[in-house]
Structure formats: C-alpha cells, structure tokens
$ cat entry.cif   # mmCIF, C-alpha atoms and all ligand atoms
data_query
loop_
_atom_site.label_atom_id
_atom_site.label_comp_id
_atom_site.auth_asym_id
_atom_site.auth_seq_id
_atom_site.Cartn_x
_atom_site.Cartn_y
_atom_site.Cartn_z
CA MET U 253 -13.48 -19.67 -24.47
CA THR U 254 -12.42 -18.21 -21.14
CA LEU U 255 -8.87 -18.37 -19.79
CA PHE U 256 -8.18 -17.54 -16.13
CA VAL U 257 -5.13 -16.80 -13.99
CA ASN U 258 -5.74 -16.52 -10.26
CA ALA U 259 -3.43 -14.54 -7.94
CA LEU U 260 -1.55 -13.29 -11.00
CA THR U 261 0.11 -10.48 -9.03
CA HIS U 262 -0.56 -8.04 -6.15
CA LEU U 263 -1.49 -4.40 -6.25
CA ASP U 264 -0.23 -2.27 -3.33
CA ALA U 265 -1.44 1.32 -3.05
CA SER U 266 -3.06 3.86 -0.77
CA TYR U 267 -6.44 5.43 -1.40
CA TRP U 268 -8.35 8.34 0.00
CA ASP U 269 -11.65 7.48 1.67
CA ALA U 270 -14.15 10.07 2.91
CA LYS U 271 -14.77 8.01 6.08
CA ARG U 272 -11.34 6.47 6.83
CA GLY U 273 -8.94 9.04 5.35
CA LEU U 274 -5.66 7.66 3.96
CA VAL U 275 -5.92 3.87 3.70
CA GLY U 276 -3.13 1.42 2.86
CA ALA U 277 -4.33 -1.40 0.61
CA SER U 278 -3.10 -4.66 -0.92
CA TRP U 279 -5.17 -6.70 -3.34
CA HIS U 280 -4.73 -10.05 -5.09
CA VAL U 281 -5.23 -9.66 -8.84
CA ASP U 282 -7.24 -12.36 -10.66
CA LEU U 283 -7.63 -12.34 -14.43
CA THR U 284 -10.04 -13.77 -17.00
CA LEU U 285 -9.65 -13.46 -20.76
CA ASP U 286 -12.45 -14.21 -23.27
CA GLY U 287 -11.87 -14.83 -26.97
CA GLU U 288 -11.24 -17.31 -29.77
CA LEU U 289 -8.59 -20.05 -29.82
CA GLY U 290 -5.74 -19.78 -32.30
CA GLU U 291 -4.40 -22.60 -34.47
CA ASP U 292 -2.03 -23.53 -31.61
CA GLY U 293 -5.05 -24.34 -29.39
CA MET U 294 -4.37 -21.37 -27.12
CA LEU U 295 -6.22 -18.14 -26.48
CA PHE U 296 -3.07 -16.40 -25.20
CA ASP U 297 0.15 -17.96 -23.88
CA PHE U 298 0.20 -17.97 -20.04
CA GLY U 299 3.90 -17.13 -20.27
CA GLU U 300 3.02 -13.81 -21.93
CA VAL U 301 -0.11 -13.03 -19.88
CA LYS U 302 1.64 -12.56 -16.54
CA PRO U 303 4.40 -10.10 -17.55
CA TRP U 304 1.90 -8.11 -19.66
CA ILE U 305 -0.66 -7.64 -16.86
CA LYS U 306 2.03 -7.04 -14.23
CA ARG U 307 3.70 -4.39 -16.39
CA VAL U 308 0.41 -2.51 -16.94
CA ILE U 309 -0.44 -2.61 -13.20
CA ASP U 310 3.12 -1.74 -12.09
CA GLN U 311 3.23 1.22 -14.51
CA GLY U 312 -0.32 2.24 -13.57
CA PRO U 313 -2.05 2.24 -10.17
CA ASP U 314 0.48 0.14 -8.23
CA HIS U 315 2.36 2.16 -5.58
CA THR U 316 0.32 5.29 -6.24
CA LEU U 317 -2.15 7.28 -4.18
CA LEU U 318 -5.58 6.51 -5.69
CA VAL U 319 -7.54 9.76 -5.62
CA PRO U 320 -11.34 9.78 -6.06
CA THR U 321 -11.50 13.25 -7.63
CA LYS U 322 -15.30 13.54 -7.19
CA ALA U 323 -15.28 12.74 -3.48
CA PRO U 324 -16.39 15.57 -1.21
CA GLY U 325 -13.54 17.88 -0.19
CA ILE U 326 -11.00 16.76 -2.83
CA ASP U 327 -9.06 19.44 -4.69
CA VAL U 328 -6.47 18.74 -7.42
CA GLN U 329 -4.06 21.43 -8.65
CA GLU U 330 -0.79 21.56 -10.54
CA CYS U 331 2.20 22.64 -8.44
CA ALA U 332 5.99 22.85 -8.61
CA GLU U 333 6.36 19.21 -7.54
CA GLY U 334 3.80 18.00 -10.13
CA LEU U 335 0.36 17.69 -8.53
CA CYS U 336 -1.01 18.97 -5.25
CA ILE U 337 -3.90 16.93 -3.81
CA LYS U 338 -5.84 18.43 -0.94
CA ALA U 339 -8.46 16.50 0.99
CA SER U 340 -10.62 17.74 3.83
CA LEU U 341 -12.95 14.88 4.82
CA PRO U 342 -12.78 13.10 7.26
CA TRP U 343 -9.62 15.06 8.11
CA PRO U 344 -7.29 17.41 6.22
CA MET U 345 -4.37 16.14 4.17
CA GLU U 346 -2.15 17.69 1.50
CA VAL U 347 0.19 15.70 -0.75
CA ARG U 348 2.58 17.25 -3.29
CA ALA U 349 4.44 14.87 -5.57
CA PRO U 350 5.33 14.06 -9.20
CA ARG U 351 2.23 13.15 -11.26
CA GLN U 352 3.27 9.51 -11.52
CA ALA U 353 2.74 9.16 -7.76
CA PHE U 354 -1.05 9.55 -8.21
CA THR U 355 -3.85 7.77 -10.03
CA LEU U 356 -6.72 10.23 -10.50
CA LEU U 357 -10.08 8.50 -10.82
CA PRO U 358 -13.27 10.53 -11.53
CA TRP U 359 -15.29 8.76 -8.85
CA THR U 360 -16.73 9.60 -5.43
CA GLU U 361 -15.00 6.60 -3.82
CA ILE U 362 -12.39 3.98 -4.57
CA THR U 363 -13.64 0.40 -4.54
CA PRO U 364 -11.77 -2.74 -5.66
CA GLU U 365 -14.62 -3.54 -8.08
CA ARG U 366 -14.34 -0.21 -9.92
CA LEU U 367 -10.56 -0.30 -9.82
CA GLY U 368 -10.66 -3.76 -11.43
CA GLU U 369 -12.94 -2.41 -14.19
CA TYR U 370 -10.61 0.57 -14.69
CA ILE U 371 -7.59 -1.74 -15.13
CA SER U 372 -9.60 -3.91 -17.56
CA GLU U 373 -10.40 -0.79 -19.61
CA GLN U 374 -6.72 0.19 -19.69
CA LEU U 375 -5.76 -3.31 -20.84
CA MET U 376 -8.52 -3.38 -23.51
CA LYS U 377 -6.97 -0.31 -25.17
CA ARG U 378 -4.39 -2.72 -26.62
CA PRO U 379 -5.85 -6.23 -26.40
CA PRO U 380 -3.85 -9.23 -27.63
CA PRO U 381 -5.06 -10.83 -30.89
CA ARG U 382 -8.35 -12.82 -30.51
CA VAL U 383 -9.03 -11.48 -26.97
CA THR U 384 -12.50 -9.89 -26.86
CA ARG U 385 -12.88 -9.23 -23.11
CA ILE U 386 -10.51 -8.82 -20.17
CA GLY U 387 -11.81 -9.20 -16.62
CA ILE U 388 -9.71 -8.04 -13.66
CA SER U 389 -10.89 -8.79 -10.17
CA LEU U 390 -9.21 -7.40 -7.07
CA ALA U 391 -9.66 -9.01 -3.66
CA GLU U 392 -8.23 -8.40 -0.23
CA GLU U 393 -6.26 -11.21 1.36
CA ARG U 394 -8.31 -13.06 3.99
CA ILE U 395 -6.76 -12.19 7.35
CA GLU U 396 -8.30 -14.15 10.24
CA GLY U 397 -6.16 -12.56 12.95
CA ALA U 398 -4.61 -9.11 13.23
CA GLY U 399 -3.89 -6.91 10.23
CA TYR U 400 -2.66 -3.36 9.78
CA THR U 401 -3.13 -0.81 7.03
CA TYR U 402 -0.40 1.81 6.81
CA SER U 403 0.84 4.29 4.23
CA HIS U 404 4.44 5.42 3.79
CA GLY U 405 7.20 6.24 1.32
CA LEU U 406 10.77 4.93 1.21
CA LYS U 407 12.97 7.86 0.18
CA GLN U 408 15.96 5.62 -0.54
CA HIS U 409 14.13 3.01 -2.63
CA ALA U 410 15.23 2.97 -6.27
CA GLY U 411 11.75 1.98 -7.50
CA ASN U 412 8.19 3.14 -6.89
CA CYS U 413 8.31 2.57 -3.11
CA GLN U 414 9.90 6.04 -2.93
CA ARG U 415 6.43 7.52 -3.56
CA ILE U 416 5.38 9.26 -0.37
CA ALA U 417 1.81 7.97 -0.12
CA HIS U 418 1.52 4.32 -1.05
CA GLY U 419 0.58 1.61 1.40
CA HIS U 420 -0.17 -1.94 2.28
CA ARG U 421 -2.71 -4.12 4.08
CA SER U 422 -0.70 -6.66 6.03
CA ARG U 423 -0.85 -9.47 8.58
CA LEU U 424 0.74 -8.98 12.00
CA TYR U 425 1.74 -11.80 14.37
CA VAL U 426 3.14 -11.32 17.87
CA TRP U 427 4.58 -14.04 20.12
CA ARG U 428 5.26 -13.38 23.82
CA ASP U 429 7.56 -15.84 25.59
CA GLY U 430 7.03 -18.36 22.81
CA GLU U 431 3.19 -18.19 22.75
CA LEU U 432 1.23 -16.60 19.92
CA ASP U 433 -0.46 -13.59 21.56
CA GLU U 434 -3.44 -12.67 19.38
CA ALA U 435 -4.70 -10.03 21.82
CA LEU U 436 -1.38 -8.19 21.73
CA ALA U 437 -1.26 -8.38 17.92
CA ALA U 438 -4.85 -7.06 17.72
CA GLN U 439 -4.07 -4.22 20.13
CA TRP U 440 -1.00 -3.10 18.15
CA SER U 441 -2.64 -3.48 14.76
CA ARG U 442 -5.53 -1.28 15.92
CA GLY U 443 -2.95 1.43 16.66
CA LEU U 444 -1.55 1.00 13.15
CA ALA U 445 -4.91 1.12 11.34
CA ASP U 446 -4.96 3.71 8.52
CA ILE U 447 -1.82 5.31 9.95
CA TYR U 448 1.02 7.13 8.17
CA LEU U 449 4.51 5.89 9.10
CA ALA U 450 7.11 8.65 8.88
CA ASP U 451 10.88 8.51 9.26
CA GLN U 452 11.85 11.13 11.83
CA ALA U 453 14.70 12.23 9.51
CA ASP U 454 12.08 13.46 6.99
CA VAL U 455 9.75 15.17 9.45
CA ILE U 456 9.84 18.95 9.37
CA LEU U 457 8.49 21.22 12.07
CA PRO U 458 6.25 18.80 13.94
CA ASP U 459 3.68 20.69 15.98
CA ASP U 460 0.66 19.67 18.03
CA GLU U 461 -1.71 19.96 15.10
CA PHE U 462 0.09 18.79 11.93
CA CYS U 463 3.00 16.62 10.87
CA ARG U 464 4.84 17.53 7.67
CA VAL U 465 7.08 15.03 5.89
CA ALA U 466 9.28 16.04 2.95
CA TYR U 467 12.07 14.54 0.90
CA THR U 468 13.61 14.51 -2.55
CA SER U 469 14.41 11.23 -4.27
CA ALA U 470 15.09 9.98 -7.79
CA GLN U 471 11.50 10.58 -9.04
CA GLY U 472 11.32 14.14 -7.66
CA SER U 473 10.20 16.12 -4.60
CA PHE U 474 7.59 14.72 -2.25
CA ARG U 475 5.68 16.39 0.61
CA ILE U 476 2.78 15.30 2.78
CA LYS U 477 0.96 17.11 5.58
CA LEU U 478 -1.44 15.28 7.90
CA PRO U 479 -2.92 15.73 11.37
CA ARG U 480 -0.35 14.78 14.00
CA GLU U 481 -2.54 11.98 15.41
CA ARG U 482 -2.69 10.23 11.99
CA VAL U 483 1.13 9.81 11.96
CA MET U 484 3.52 7.52 13.81
CA ILE U 485 7.06 8.81 13.70
CA MET U 486 9.66 6.04 13.53
CA PRO U 487 13.35 6.48 14.42
CA THR U 488 14.30 5.02 11.01
CA THR U 489 12.95 4.59 7.49
CA SER U 490 9.81 2.38 7.39
CA THR U 491 11.16 -0.72 5.63
CA VAL U 492 9.34 -3.81 6.86
CA GLU U 493 12.54 -4.95 8.60
CA ASN U 494 12.58 -1.70 10.59
CA ILE U 495 8.83 -1.91 11.28
CA ALA U 496 9.22 -5.44 12.71
CA LYS U 497 12.22 -4.35 14.84
CA TRP U 498 10.54 -1.16 16.04
CA LEU U 499 7.36 -3.04 16.98
CA ALA U 500 9.27 -5.80 18.80
CA GLU U 501 11.23 -3.21 20.80
CA ARG U 502 8.16 -1.12 21.65
CA ILE U 503 6.02 -4.12 22.57
CA SER U 504 8.73 -5.62 24.80
CA MET U 505 9.34 -2.22 26.41
CA LEU U 506 5.66 -1.69 27.20
CA HIS U 507 4.53 -5.25 27.98
CA GLY U 508 7.77 -7.04 28.92
CA GLY U 509 8.85 -10.56 27.95
CA ASP U 510 10.57 -12.12 24.93
CA ILE U 511 8.71 -10.61 22.01
CA ARG U 512 8.84 -11.94 18.46
CA VAL U 513 7.08 -9.94 15.73
CA GLN U 514 6.29 -11.16 12.22
CA ALA U 515 5.27 -8.10 10.23
CA PHE U 516 4.11 -8.46 6.62
CA GLU U 517 4.46 -5.84 3.92
CA GLY U 518 1.37 -6.42 1.83
CA ILE U 519 0.70 -10.03 0.83
CA GLY U 520 3.09 -12.90 1.38
CA LYS U 521 6.32 -11.21 2.45
CA GLY U 522 7.74 -9.34 5.41
CA ALA U 523 10.24 -9.52 8.26
CA ILE U 524 10.67 -11.11 11.70
CA ALA U 525 12.33 -9.38 14.65
CA GLN U 526 12.81 -10.12 18.35
CA ALA U 527 13.34 -8.02 21.47
CA SER U 528 13.40 -8.79 25.17
CA GLN U 529 12.62 -6.96 28.42
CA PRO U 530 11.92 -8.34 31.93
CA ARG U 531 8.24 -8.98 32.75
CA ASP U 532 6.57 -7.21 35.68
CA ASP U 533 4.01 -9.96 36.44
N1 LIG R 601 13.94 -5.76 2.03
C1 LIG R 601 12.97 -4.89 1.66
N2 LIG R 601 12.72 -4.64 0.37
C2 LIG R 601 11.73 -3.79 0.02
C3 LIG R 601 10.95 -3.16 1.01
C4 LIG R 601 11.25 -3.43 2.38
O1 LIG R 601 10.61 -2.91 3.31
N3 LIG R 601 12.24 -4.30 2.66
N4 LIG R 601 9.95 -2.35 0.65
C5 LIG R 601 9.65 -2.10 -0.60
C6 LIG R 601 8.51 -1.20 -0.92
O2 LIG R 601 7.99 -0.59 0.24
C7 LIG R 601 7.39 -1.76 -1.71
O3 LIG R 601 6.13 -1.21 -1.35
C8 LIG R 601 7.21 -3.22 -1.83
O4 LIG R 601 6.87 -3.35 -3.14
P1 LIG R 601 6.25 -4.61 -3.80
O5 LIG R 601 5.63 -4.19 -5.05
O6 LIG R 601 5.39 -5.34 -2.86
O7 LIG R 601 7.54 -5.42 -4.06
P2 LIG R 601 7.95 -6.10 -5.36
O8 LIG R 601 8.10 -5.07 -6.41
O9 LIG R 601 9.13 -6.92 -5.07
O10 LIG R 601 6.73 -7.08 -5.55
P3 LIG R 601 5.72 -7.38 -6.71
O11 LIG R 601 4.37 -7.39 -6.07
O12 LIG R 601 6.12 -8.70 -7.21
O13 LIG R 601 5.85 -6.30 -7.77
C9 LIG R 601 10.44 -2.66 -1.68
N5 LIG R 601 11.47 -3.55 -1.28
#
$ encode --input "entry.cif" --output "structure tokens"
Amino acid sequence: MTLFVNALTHLDASYWDAKRGLVGASWHVDLTLDGELGEDGMLFDFGEVKPWIKRVIDQGPDHTLLVPTKAPGIDVQECAEGLCIKASLPWPMEVRAPRQAFTLLPWTEITPERLGEYISEQLMKRPPPRVTRIGISLAEERIEGAGYTYSHGLKQHAGNCQRIAHGHRSRLYVWRDGELDEALAAQWSRGLADIYLADQADVILPDDEFCRVAYTSAQGSFRIKLPRERVMIMPTTSTVENIAKWLAERISMLHGGDIRVQAFEGIGKGAIAQASQPRDD
C-alpha cells in the first residue's frame, strides 16, 4: 500500500552552485509512504505524518545553506563561530556561522532530487511502524511570470530566519497605474536573481570589491563576505514587507507612476506595498 501527501510543507534554503553561486530556493515537499496496513485500516495517520515530516525538515535542511562539499573550490573548516565555508567558483564567498546554519552534503552539486533522497534517508533512520519506504520529492513552484531568488538573514528573527545565508524563490508582481506590468516585474526580478540582500546596518567596511555583513543574534555570530556586485544593500532589514516597500519606492522613483508591488517570500505568502511618483511621459 502507498500513502501520499502532496504539498505537505515547503523547504526554504540557499545552496551553493558552481555556475550560479549563492542561490535562494523554495521547494514544495511531496511525500509517499509504502508499507502494510494496521488493524485500523491505516498505514500511518495523516494527522501524525505532517508534523513528523515538517519537524524533521525544519530541524534539518530548512533555512540552512546547503553546501556541496565535493564541488570544485569548496573548503570547510572549523572556526570560532562554528564553521567557515569558503567557495571560489564561480565567484568567491566566505560564510562563518554556527554549525546549525549549514547542511553539509558530500556531493558535487545540490539538486532537488538528491536532496529529496537525503531527507528520505534521514526519515528512514526512525521509520514509523509498518512503513517500509519513504519517498520525498521536492519541486519548485511553477512561476509563469517574474520570479526572484535571493538569500538573506534576519538578525532580529527569533527562529531560523536569523541564519545569514538562507533564501527563497519567489513570485514578483508589479502594477503601474493599475495595470499589471509584466515587463517591469521581469526587469526587476532579473536584478534580484541570485542576489544577497543585506541590511545596511549590518554591513561593515563596504569597498569596491567585497561586501562584508556581520551580526550576532540568538543562535550565535554570523558573517558573510561576497563580491560587491552580488549584494544589494537595503536601508532596512530584509523582511518581505520591507522588500515590497523598498521595491515599490525604487520602481516609482525610477519609472514614475503609481506603483504597487506584490513580493512573495518563498511559496504562498508575502507582502504588498505601494509608492507614487509623477510620470515623465
Ligand atoms: N511578517 C514576516 N514574518 C516573517 C518574515 C517576514 O519577512 N515577514 N520572514 C521570515 C523568515 O525570513 C523566513 O524565511 C520565513 O520562514 P518560513 O519557514 O517560510 O515561515 P514559516 O516558518 O512561518 O513557514 P513554514 O513553511 O510553515 O515553516 C519569518 N517570518
């Protein structure tokens, strides 16, 4: 017998990719369980499946930086903060953070297929009674229009969003003077592709070459160093409310008009903000 639960939860993380660099990701999590029915006619109570899987994912790869330790140019060392991850391809990055902020995977690249298998293996270490196989499948949300893939950390968040290099893959909608403007949304989401969003309050010594971000929060000390052009420095912390507001203000400033931005943070949630400037045309 096979039991399935589609869209059981979401996994939000960042991963290092030898071609794209630091990539923000969000995946739907689908589950299948194989095994024998019990006397109650059930393989495993749906009411218990969801919290169990969500707990394992939330305490595991969710909101971490997924590091393919066998990728070219990756170096992993212990350091005062916990772990220091250095990457060199396609561009240099250094992240120092408590161990729990990373998921180290002995692979040359991170793919949703392998990550799904990895989560299945973790779950099979303690399978529920009568369950003989656990299948986890990760899939990106289908985004027909514009989408952006950023990484960030929220210093003031009480939970795992405080980790300095986790990210999201998110929809972006822009309206100008009441009309959905897909070209404007596509233009701005291209600028936010595989970008790091930093709060200017956490940026230390910005120079032409590198941007360094550092803060201490409840889980420990966090630092990240990336090439300046891979970072957008925001005037505030990068909550999705502030991202929507910042985008609306910048878009109206540069293009004019009544701008409404709907920015998602991962799958299915986000914020809406508006800003207005006179049009030139
Ligand atoms: N109002 C806001 N709340 C939160 C924000 C935000 O920008 N505005 N951001 C975060 C974190 O950045 C975090 O990455 C979001 O985490 P997520 O796991 O998606 O949120 P949940 O834990 O609520 O969702 P589940 O997928 O159900 O675990 C947090 N809050």
$ residues_around --input "entry.cif" --residues "Arg531 (chain U)" --least-positions-apart "4" --cutoff "10 Å" --atoms "all atoms listed in the file" --output "PDB file with C-alpha atoms, in the frame of the given file"
ATOM      1  CA  ASP U 429       7.560 -15.840  25.590  1.00  0.00           C
ATOM      2  CA  SER U 504       8.730  -5.620  24.800  1.00  0.00           C
ATOM      3  CA  MET U 505       9.340  -2.220  26.410  1.00  0.00           C
ATOM      4  CA  LEU U 506       5.660  -1.690  27.200  1.00  0.00           C
ATOM      5  CA  HIS U 507       4.530  -5.250  27.980  1.00  0.00           C
ATOM      6  CA  GLY U 508       7.770  -7.040  28.920  1.00  0.00           C
ATOM      7  CA  GLY U 509       8.850 -10.560  27.950  1.00  0.00           C
ATOM      8  CA  ASP U 510      10.570 -12.120  24.930  1.00  0.00           C
TER       9      ASP U 510
END
$ atom_distance --input "entry.cif" --atom1 "CA of Leu449 (chain U)" --atom2 "CA of Ala398 (chain U)"
18.0 Å
$ residues_near_ligand --input "entry.cif" --ligand "ligand LIG 601 (chain R)" --cutoff "8 Å" --atoms "all atoms listed in the file" --output "ChimeraX atom specification"
/U:261-264,306,310,314-315,404-406,409,411-414,418-420,490-494,517-519,521-523
$ residues_around --input "entry.cif" --residues "Pro324 (chain U)" --least-positions-apart "3" --cutoff "10 Å" --atoms "only C-alpha atoms" --output "number ranges by chain"
U: 269-270, 320-321, 327, 339-342, 360-361
$ closest_residue --input "entry.cif" --among "U:Arg366, U:Arg385, U:Lys338, U:Arg421" --to "Leu478 (chain U)" --atoms "only C-alpha atoms"
U:Lys338
$ residues_around --input "entry.cif" --residues "Lys302 (chain U)" --least-positions-apart "2" --cutoff "12 Å" --atoms "all atoms listed in the file" --output "ChimeraX atom specification"
/U:256-262,281-284,296-300,304-310
$ residues_near_point --input "entry.cif" --point "(0.1, 12.3, -5.5)" --cutoff "8 Å" --atoms "all atoms listed in the file" --output "list in words"
Thr316, Leu317, Leu335, Cys336, Ile337, Val347, Arg348, Ala349, Pro350, Arg351, Gln352, Ala353, Phe354, Thr355, Ile416 and Ala417 of chain U
$ atom_distance --input "entry.cif" --atom1 "CA of Thr254 (chain U)" --atom2 "CA of Leu295 (chain U)"
8.2 Å
$ residues_around --input "entry.cif" --residues "Ala453 (chain U)" --least-positions-apart "2" --cutoff "8 Å" --atoms "only C-alpha atoms" --output "ChimeraX atom specification"
/U:451,455,487-488
$ build_atoms --input "entry.cif" --residues "region 444-472 of chain U" --atoms "N, CA and C atoms" --output "short mmCIF file (atom, residue, chain, number, x, y, z; two decimals), keeping the file's coordinate frame"
data_model
loop_
_atom_site.label_atom_id
_atom_site.label_comp_id
_atom_site.auth_asym_id
_atom_site.auth_seq_id
_atom_site.Cartn_x
_atom_site.Cartn_y
_atom_site.Cartn_z
N LEU U 444 -2.17 0.77 14.46
CA LEU U 444 -1.55 1.00 13.15
C LEU U 444 -2.58 1.04 12.02
N ALA U 445 -3.87 1.11 12.38
CA ALA U 445 -4.91 1.12 11.34
C ALA U 445 -4.94 2.48 10.65
N ASP U 446 -4.84 2.49 9.33
CA ASP U 446 -4.96 3.71 8.52
C ASP U 446 -4.01 4.80 9.01
N ILE U 447 -2.79 4.38 9.38
CA ILE U 447 -1.82 5.31 9.95
C ILE U 447 -0.78 5.65 8.88
N TYR U 448 -0.12 6.80 9.03
CA TYR U 448 1.02 7.13 8.17
C TYR U 448 2.30 6.90 8.97
N LEU U 449 3.24 6.14 8.42
CA LEU U 449 4.51 5.89 9.10
C LEU U 449 5.58 6.80 8.51
N ALA U 450 6.12 7.68 9.35
CA ALA U 450 7.11 8.65 8.88
C ALA U 450 8.46 8.35 9.51
N ASP U 451 9.51 8.59 8.73
CA ASP U 451 10.88 8.51 9.26
C ASP U 451 11.18 9.86 9.90
N GLN U 452 11.64 9.85 11.14
CA GLN U 452 11.85 11.13 11.83
C GLN U 452 12.85 12.04 11.08
N ALA U 453 13.73 11.43 10.27
CA ALA U 453 14.70 12.23 9.51
C ALA U 453 14.01 13.09 8.45
N ASP U 454 12.80 12.72 8.05
CA ASP U 454 12.08 13.46 6.99
C ASP U 454 10.99 14.37 7.54
N VAL U 455 10.83 14.38 8.86
CA VAL U 455 9.75 15.17 9.45
C VAL U 455 10.24 16.59 9.67
N ILE U 456 9.45 17.56 9.15
CA ILE U 456 9.84 18.95 9.37
C ILE U 456 8.82 19.63 10.28
N LEU U 457 9.31 20.39 11.19
CA LEU U 457 8.49 21.22 12.07
C LEU U 457 7.26 20.50 12.62
N PRO U 458 7.45 19.41 13.36
CA PRO U 458 6.25 18.80 13.94
C PRO U 458 5.64 19.74 14.97
N ASP U 459 4.33 19.89 14.94
CA ASP U 459 3.68 20.69 15.98
C ASP U 459 2.52 19.87 16.52
N ASP U 460 1.73 20.45 17.41
CA ASP U 460 0.66 19.67 18.03
C ASP U 460 -0.42 19.30 17.03
N GLU U 461 -0.59 20.17 16.01
CA GLU U 461 -1.71 19.96 15.10
C GLU U 461 -1.35 19.10 13.88
N PHE U 462 -0.24 19.47 13.18
CA PHE U 462 0.09 18.79 11.93
C PHE U 462 1.50 18.21 11.94
N CYS U 463 1.68 17.18 11.12
CA CYS U 463 3.00 16.62 10.87
C CYS U 463 3.28 16.80 9.39
N ARG U 464 4.45 17.33 9.07
CA ARG U 464 4.84 17.53 7.67
C ARG U 464 6.06 16.67 7.38
N VAL U 465 5.98 15.91 6.29
CA VAL U 465 7.08 15.03 5.89
C VAL U 465 7.51 15.47 4.50
N ALA U 466 8.81 15.60 4.27
CA ALA U 466 9.28 16.04 2.95
C ALA U 466 10.61 15.39 2.63
N TYR U 467 10.77 15.02 1.36
CA TYR U 467 12.07 14.54 0.90
C TYR U 467 12.14 14.63 -0.62
N THR U 468 13.39 14.56 -1.10
CA THR U 468 13.61 14.51 -2.55
C THR U 468 14.29 13.19 -2.85
N SER U 469 13.79 12.50 -3.86
CA SER U 469 14.41 11.23 -4.27
C SER U 469 14.47 11.20 -5.79
N ALA U 470 14.82 10.04 -6.34
CA ALA U 470 15.09 9.98 -7.79
C ALA U 470 13.91 10.46 -8.64
N GLN U 471 12.66 10.19 -8.21
CA GLN U 471 11.50 10.58 -9.04
C GLN U 471 11.10 12.04 -8.85
N GLY U 472 11.65 12.73 -7.83
CA GLY U 472 11.32 14.14 -7.66
C GLY U 472 11.15 14.52 -6.20
#
